Amino acid sequence: MKTNYSLLVLSLLFFGLIGSTQTQLTQTVRGTLLDADSKLPIIGAKIVLVDSNPFKGGITNENGDFRIEGVPVGRVALRITSYGYLEITLPSVLVESGNEKILQLEMTPDVKILDQVEVTSQKDKSETINKMATVSAKSFTVEETNRYAGSLNDPARMVSGFAGVTGNAEGDNDIVVRGNSPRGILWRLDGIDIPNPNHFSNNGATGGPISALNGAVLANSDFFSGAFAPEYGNALSGVFDVKMREGNNEKREYSFSVGALGIDASIEGPFRKGYRGSYLVNYRYSSVGLLDKAGLLDFGGVPIYQDGAFKFNFPTKNAGLFTLIGFGGISRIDQTNEDSLNITYEKYSFRANLGVGALKHTYIVNPKLYFKSYVTYTTSYNGGEGQTLNNDSIFYLSAREGSTDDKFKIQTIANYNLSRKNSFQLGATYTRMFYNFFFEHDYDDEDGVLKRFTDSKGKADVIQSFISWKFRITNDLTLISGAHFTQFLLNNHAALEPRAAIKWELAPRHSISAGFGLHSRLESPSVYLYNELQSDGTYKFPNKNLDLSKSAHYVVGYGFRVSENLHFKTEVYYQQLYNIPVAKEASNNFNSLNFSSGVPDFELINTGKGRNFGTELTLERFFQNNFYYLVTGSLYKSLYTTKTGEEKGTRFDAGFATNVLLGKEFQFGQKKNNNKTFGINTKVSLIGGNRYTPIDLQASRNAGYEVRDVTQQFELRGDNIFFLNLGLNYRCDMQRASHSFKIDIQNLTNHKAAVNEYYNSRSQQIEKSTQLSIIPNIIYTIKF
């Protein structure tokens with residue numbers, strides 16, 4: 001009789017996962033503890049496993065390293081104390097049997113420290129990783145990215161649950177912050193400005209359908225929605241400051257995941273025994289791409305992508321720490337358009353690539369001064385070519401375009417601690433940009449011979465610098481001030497941006513904060529170097545002298561710590577946008593505040609204005625006792641000024657956004673172990689629809705392509721958008737490995753709000769674009 005080996009293997013795996021081991025499962029929790037200001041190791045700090053019986057804990061050594069062995073798997077609480085520092089409590093650290101739990105921690109010096117007196121003030125759990133940020137800032141963990149329903153392990157989708165942040169209802173992970181265009185987002189990775197880290201991204205965009213940043217390599221990170229710290233430049237609406245975790249420097253470990261979005265594997269470990277250096281390498285390939293290669297898919301438009309990342313740490317005895325970081329992604333999709341008879345009349349092949357390589361050096365001169373320096377090269381490309389069916393039913397090459405944006409960057413930041421109360425940052429960055437942008441088209445000949453209408457390539461330089469001063473007047477009152485400077489050497493336009501913020505813990509559970517800052521942003525090089533072919537064969541550069549877009553941010557906030565694990569926060573903000581690029585031609589109503597990606601093909605001038613204002617509420621119960629919730633709400637207006645002086649709602653003036661996220665975990669298994677966990681997470685969102693410009697049906701029929709009625713620019717609003725996301729996960733810790741299954745469903749009810757409209761040139765009718773339909777994602781992960 002023939003044996004079904006596949007069924008046998010699955011059965012063994014299933015019963016292995018549901019079976020209970022007879023011995024208690026434990027794992028090692030270890031890490032490094034540093035001074036948040038000086039980055040020096042903290043020696044002699046106590047790390048205690050709360051409520052452990054028998055008692056378990058550890059003490060940091062001369063390198064700031066600590067180790068606690070025999071920690072039961074599951075969620076545990078840690079308390080970290082050290083003389084002269086604010087206490088840290090970590091209420092819900094997830095310990096899995098497959099991998100050691102490695103923590104990179106920093107403690108804030110206590111400014112009240114007196115001889116022979118130990119102060120026991122606690123660090124605020126909502127505090128960000130960047131100690132120079134006090135307003136409109138929120139930190140998030142990798143575990144939250146994996147846990148929040150509908151996030152698809154994507155940090156950009158996860159932050160759409162934060163107050164003041166919305167996404168793209170049609171599927172991309174664009175980040176709309178306080179009604180601003182998503183083009184105003186700055187992405188950073190380990191302190192390095194990086195290009196848009198998404199697959200299938202368009203020129204000038206900051207989002208895309210699928211993130212190329214794999215959660216398997218990320219660490220706890222920060223997100224900022226306004227009045228940014230002085231170190232952040234070239235951003236108008238928000239900053240995504242993502243951190244990459246370090247590999248295990250004592251033990252080799254592996255992880256493997258397979259899901260609907262991709263198959264990925266990671267390896268990490270020490271370079272050699274006894275050396276504190278480590279490596280971390282990850283690679284992912286799209287699942288549908290593998291199925292397509294195997295001939296199991298039979299439809300057009302299969303999205304094929306792959307990405308990878310690595311981080312190598314090389315600590316030295318006297319020369320500091322050297323870190324080599326790499327990250328990249330490749331994506332492509334071949335699309336077709338069909339008529340009502342299912343005959344393909346257009347084909348388009350789209351390609352997008354990105355890459356980041358950086359060498360980072362951290363050098364501690366003395367207990368008061370340390371430097372961080374970077375040498376970075378980044379690259380991004382998107383483009384493609386189109387084919388059109390002619391009257392003889394033959395496809396001919398009808399269009400081709402491409403945009404390459406490379407950057408070489410040198411940066412150094414000096415951090416100086418004058419005292420426990422006063423710390424300074426001084427940084428400088430030089431960027432050399434290389435660009436190549438072209439567009440060619442065969443308009444009427446249908447012979448496949450393309451004429452180049454735009455052809456721009458060359459280089460441009462940017463100089464940036466900043467200074468920050470953090471004055472901790474008391475443990476309860478902190479003032480941060482400074483300035484950022486940017487100069488674009490292509491046309492010598494510059495911006496000096498003063499910034500200041502204050503936070504006051506006016507009572508044990510109450511705090512107020514306020515912030516102000518000027519901010520600016522450069523357009524992509526292809527906007528400045530867009531050119532037009534003239535009749536004499538030369539090219540005209542109409543936008544080469546374009547200035548920086550600018551914005552003034554004002555924020556006031558109040559926080560109330562209801563209990564140790566429940567925090568309420570509200571912020572009121574006002575943003576004045578000016579120097580915004582708009583079309584020079586009087587009859588053209590283009591304003592870049594309504595623009596999310598692409599390159600305008602006309603002359604621009606910096607006379608546009610706009611403003612955003614609103615209020616935000618957040619009620620968050622931090623994860624403890626296997627339960628959490630996050631409730632956020634935003635009411636806002638996003639306005640731009642027309643050329644006639646009238647104020648109108650921008651494309652992103654959705655008006656409101658509400659989110660409720662909550663989750664519960666249930667532990668089971670033998671009483672001695674509790675090695676199995678079932679979790680349920682949900683996210684419910686109700687968001688106002690974005691605005692759009694209606695289509696002029698008769699003009700579209702006459703022209704043969706879509707024509708919008710610009711006399712009603714962005715006067716129609718899409719339907720309100722309702723999302724119900726659901727996440728179910730099962731985790732099983734075994735003796736040598738941990739297994740997890742996760743089902744993550746976006747738009748469980750398959751709600752189909754109409755968010756825009758488009759013109760179907762074949763049917764000559766207007767049709768509706770709807771929000772993204774139900775998307776299930778199933779993921780299996782093993783760590784060992």
# chains A, B, ... in the order shown; residues from 1 in each chain; ligands from 1
$ residues_around --residues "range 350-364 of chain A" --least-positions-apart "2" --cutoff "7 Å" --atoms "only C-alpha atoms" --output "PyMOL selection string"
chain A and resi 194+199-201+319-334+348+366+369-385
$ residues_around --residues "range 26-33 of chain A" --least-positions-apart "2" --cutoff "8 Å" --atoms "only C-alpha atoms" --output "PyMOL selection string"
chain A and resi 24+35+41-42+60+63-73+95-97+99-107
$ residues_around --residues "Gln698 in chain A" --least-positions-apart "6" --cutoff "12 Å" --atoms "only C-alpha atoms" --output "ChimeraX atom specification"
/A:704-709,759,761,764-766
$ write_last_selection --atoms "N, CA, C and O atoms" --output "PDB file, in the first residue's frame"
ATOM      1  N   GLY A 704     -11.086  60.801 -25.446  1.00  0.00           N
ATOM      2  CA  GLY A 704     -10.678  59.402 -25.515  1.00  0.00           C
ATOM      3  C   GLY A 704      -9.894  58.955 -24.308  1.00  0.00           C
ATOM      4  O   GLY A 704      -9.391  57.827 -24.262  1.00  0.00           O
ATOM      5  N   TYR A 705      -9.736  59.827 -23.328  1.00  0.00           N
ATOM      6  CA  TYR A 705      -9.045  59.475 -22.086  1.00  0.00           C
ATOM      7  C   TYR A 705      -9.675  60.290 -20.947  1.00  0.00           C
ATOM      8  O   TYR A 705     -10.480  61.187 -21.180  1.00  0.00           O
ATOM      9  N   GLU A 706      -9.284  59.971 -19.729  1.00  0.00           N
ATOM     10  CA  GLU A 706      -9.909  60.591 -18.556  1.00  0.00           C
ATOM     11  C   GLU A 706      -9.599  62.078 -18.463  1.00  0.00           C
ATOM     12  O   GLU A 706      -8.444  62.491 -18.546  1.00  0.00           O
ATOM     13  N   VAL A 707     -10.640  62.890 -18.283  1.00  0.00           N
ATOM     14  CA  VAL A 707     -10.503  64.330 -18.089  1.00  0.00           C
ATOM     15  C   VAL A 707     -11.267  64.713 -16.818  1.00  0.00           C
ATOM     16  O   VAL A 707     -12.467  64.433 -16.704  1.00  0.00           O
ATOM     17  N   ARG A 708     -10.580  65.321 -15.871  1.00  0.00           N
ATOM     18  CA  ARG A 708     -11.217  65.738 -14.618  1.00  0.00           C
ATOM     19  C   ARG A 708     -11.784  67.149 -14.761  1.00  0.00           C
ATOM     20  O   ARG A 708     -11.244  67.992 -15.492  1.00  0.00           O
ATOM     21  N   ASP A 709     -12.841  67.417 -14.031  1.00  0.00           N
ATOM     22  CA  ASP A 709     -13.472  68.733 -14.024  1.00  0.00           C
ATOM     23  C   ASP A 709     -12.754  69.610 -13.000  1.00  0.00           C
ATOM     24  O   ASP A 709     -13.090  69.612 -11.817  1.00  0.00           O
ATOM     25  N   TYR A 759     -12.322  56.771 -15.353  1.00  0.00           N
ATOM     26  CA  TYR A 759     -12.993  56.701 -16.649  1.00  0.00           C
ATOM     27  C   TYR A 759     -12.540  55.452 -17.388  1.00  0.00           C
ATOM     28  O   TYR A 759     -11.344  55.236 -17.604  1.00  0.00           O
ATOM     29  N   SER A 761     -12.201  53.876 -20.691  1.00  0.00           N
ATOM     30  CA  SER A 761     -12.206  54.357 -22.073  1.00  0.00           C
ATOM     31  C   SER A 761     -12.870  53.366 -23.023  1.00  0.00           C
ATOM     32  O   SER A 761     -13.323  53.752 -24.102  1.00  0.00           O
ATOM     33  N   GLN A 764     -16.597  53.747 -22.037  1.00  0.00           N
ATOM     34  CA  GLN A 764     -16.902  55.183 -22.047  1.00  0.00           C
ATOM     35  C   GLN A 764     -17.850  55.560 -20.909  1.00  0.00           C
ATOM     36  O   GLN A 764     -18.729  56.401 -21.067  1.00  0.00           O
ATOM     37  N   GLN A 765     -17.623  54.920 -19.759  1.00  0.00           N
ATOM     38  CA  GLN A 765     -18.426  55.205 -18.584  1.00  0.00           C
ATOM     39  C   GLN A 765     -17.525  55.500 -17.387  1.00  0.00           C
ATOM     40  O   GLN A 765     -16.346  55.137 -17.362  1.00  0.00           O
ATOM     41  N   ILE A 766     -18.109  56.163 -16.389  1.00  0.00           N
ATOM     42  CA  ILE A 766     -17.407  56.416 -15.144  1.00  0.00           C
ATOM     43  C   ILE A 766     -17.654  55.246 -14.199  1.00  0.00           C
ATOM     44  O   ILE A 766     -18.800  54.820 -14.011  1.00  0.00           O
TER      45      ILE A 766
END
$ select_by_dssp --residues "range 143-262 of chain A" --states "strand (DSSP E or B)" --output "ChimeraX atom specification"
/A:165-166,176-177,185-189,192-193,198-199,210-211,218-224,238-244,253-259
$ closest_residue --among "A:Tyr578, A:Phe652, A:Tyr435, A:Arg75" --to "Ile175 in chain A" --atoms "only C-alpha atoms"
A:Phe652
$ select_by_dssp --residues "range 117-314 of chain A" --states "helix (DSSP H, G or I)" --output "ChimeraX atom specification"
/A:142-147,155-161,182-184,215-217,287-293
